[in-house]
Amino acid sequence: MDLVIRGARVADGTGGASFLADVGVHEGRIAAVGRLPGGGRRTVDAYGLVLAPGFVDMHAHSDLALLRDPDHSAKAAQGVTLEVLGQDGLSYAPVDERTLAQVRTAIAGWNGAGEDVDFDWRTVGEYLGRLDAGVAVNAAYLVPQGTVRAYVLGWEDRPATPAETDRMRRLVAEGLEEGAVGMSSGLTYTPGMYASGTELAALCAVVADHGGYYCPHHRSYGRGALAAYAEMLGLARETGCALHLAHATMNFAENEGRAPELLALLDGALAAGVDVSLDSYPYTPGCTSLSALLPGWAHEGGPGALLARLADGGTAARIRYALEVEGSDGCHGVPVDWSAVEVSGTADPAYAHLV
């Protein structure tokens, strides 16, 4: 054995009880689990410690971070050995030149603008090829539905035509055939939120045909949250597509005490044969870009059009009314509570005093 980890409490990921054992590693792979009296070329005393397989981060935004820092010590040092990328319906493949520029601007708050990254890919396969060139962790990729819609329709708030739907279906299929494991949506983000349930079902059917799963950030975590969860469960039931609910939570004040209702929805779906799972986060705040709070109509046309609207006094007042009085779709139907919003970072040093 190249390595023997001795006396650890092993939690092997099967769901069974943990147990005390030695673990032997040979040529980079686990070769034996049990009592290994012979030891190895290197022995680690793990008495009193827990030994587990690497952890899966089911919702990571490391799409560019892995390219900037292939060692990825920020996650690897925490035991994360698989990152699921392409989340919330917005990432960097598949794209053309126009779509790439729009997406880079739209999610610069998540990943930076990417001036330090060579965007030498356009397809899902080419992006995965860049990762295969050498990163320290495994990566799985979800075809981002919002990016696919931007590719085909631009940042337009309208129904897709049958021809456009067929083109989106082909792009999703190509991404899955090139190595993606499913499709994501961010249905409080544009342009993904512009898609109807019928459009999403057409794409989910493709995902199901390829054995992938659908991972939506659904239409509301605030007002109408339960209806939004029910819509996603209905999509899974209708299309036969496996469903993983992203950062599933009932943490808006409007939903206090309603977690049992969500659990009942999930139990009902499981009983009906829907393949559904979820992830959540163990802290109170969410995290996104400030522009995500704005109403969807303000984003139509893309990031440049949004900035033009904000620069127009009358339109900016209308946006503010939607945000602070009506409750915008980007803010989950709930009027924004500025006292609960904390600016964690800015790209422009001129705004550093707002952090």
# chains A, B, ... in the order shown; residues from 1 in each chain; ligands from 1

call {"tool": "residues_around", "arguments": {"residues": "segment 260-267 of chain A", "least_positions_apart": "2", "cutoff": "10 Å", "atoms": "only C-alpha atoms", "output": "PyMOL selection string"}}
result
chain A and resi 225-227+229-230+233+248-250+255+257-258+269-274+276-278

call {"tool": "write_last_selection", "arguments": {"atoms": "C-alpha atoms", "output": "mmCIF file, in the first residue's frame"}}
result
data_model
loop_
_atom_site.group_PDB
_atom_site.id
_atom_site.type_symbol
_atom_site.label_atom_id
_atom_site.label_comp_id
_atom_site.auth_asym_id
_atom_site.auth_seq_id
_atom_site.Cartn_x
_atom_site.Cartn_y
_atom_site.Cartn_z
ATOM 1 C CA ALA A 225 -43.018 30.323 -3.020
ATOM 2 C CA LEU A 226 -45.161 27.223 -2.557
ATOM 3 C CA ALA A 227 -46.803 27.730 -5.941
ATOM 4 C CA TYR A 229 -42.193 24.806 -5.887
ATOM 5 C CA ALA A 230 -45.393 23.149 -7.087
ATOM 6 C CA LEU A 233 -42.682 19.445 -9.222
ATOM 7 C CA ALA A 248 -34.598 25.163 -1.299
ATOM 8 C CA THR A 249 -35.639 27.377 1.576
ATOM 9 C CA MET A 250 -38.628 29.206 3.054
ATOM 10 C CA ASN A 255 -43.246 32.108 4.710
ATOM 11 C CA GLY A 257 -43.669 28.569 9.781
ATOM 12 C CA ARG A 258 -44.616 27.145 6.370
ATOM 13 C CA ALA A 269 -44.323 14.172 -5.210
ATOM 14 C CA LEU A 270 -42.117 11.341 -3.952
ATOM 15 C CA ALA A 271 -45.178 9.197 -3.296
ATOM 16 C CA ALA A 272 -46.295 9.876 -6.889
ATOM 17 C CA GLY A 273 -42.952 8.618 -8.208
ATOM 18 C CA VAL A 274 -41.218 11.932 -8.911
ATOM 19 C CA VAL A 276 -36.822 14.816 -6.501
ATOM 20 C CA SER A 277 -34.014 15.981 -4.229
ATOM 21 C CA LEU A 278 -32.931 19.352 -2.875
#

call {"tool": "residues_around", "arguments": {"residues": "Gly34 of chain A", "least_positions_apart": "5", "cutoff": "12 Å", "atoms": "only C-alpha atoms", "output": "PyMOL selection string"}}
result
chain A and resi 4-10+19-24+39

call {"tool": "residues_around", "arguments": {"residues": "Tyr141 of chain A", "least_positions_apart": "4", "cutoff": "9 Å", "atoms": "only C-alpha atoms", "output": "number ranges by chain"}}
result
A: 63, 83-87, 124, 128, 179-183

call {"tool": "select_by_dssp", "arguments": {"residues": "segment 67-307 of chain A", "states": "helix (DSSP H, G or I)", "output": "ChimeraX atom specification"}}
result
/A:67-68,73-76,87-89,97-106,108-111,124-132,145-153,162-177,192-194,197-209,225-239,253-255,259-271,290-293,296-299,303-307

call {"tool": "atom_distance", "arguments": {"atom1": "atom CA of Ser344 of chain A", "atom2": "atom CA of Trp155 of chain A"}}
result
27.2 Å

call {"tool": "select_by_dssp", "arguments": {"residues": "segment 29-254 of chain A", "states": "strand (DSSP E or B)", "output": "PyMOL selection string"}}
result
chain A and resi 29-34+42-45+50-51+55-57+80-85+138-144+182-186+213-217+242-245

call {"tool": "atom_distance", "arguments": {"atom1": "atom CA of Ala106 of chain A", "atom2": "atom CA of Ser289 of chain A"}}
result
9.0 Å

call {"tool": "atom_distance", "arguments": {"atom1": "atom CA of Arg122 of chain A", "atom2": "atom CA of Leu176 of chain A"}}
result
14.6 Å

call {"tool": "residues_around", "arguments": {"residues": "Pro216 of chain A", "least_positions_apart": "4", "cutoff": "10 Å", "atoms": "only C-alpha atoms", "output": "JSON, numbers by chain"}}
result
{"A": [87, 88, 89, 144, 145, 183, 184, 185, 186, 187, 229, 232, 243, 244, 245, 246, 247, 248]}
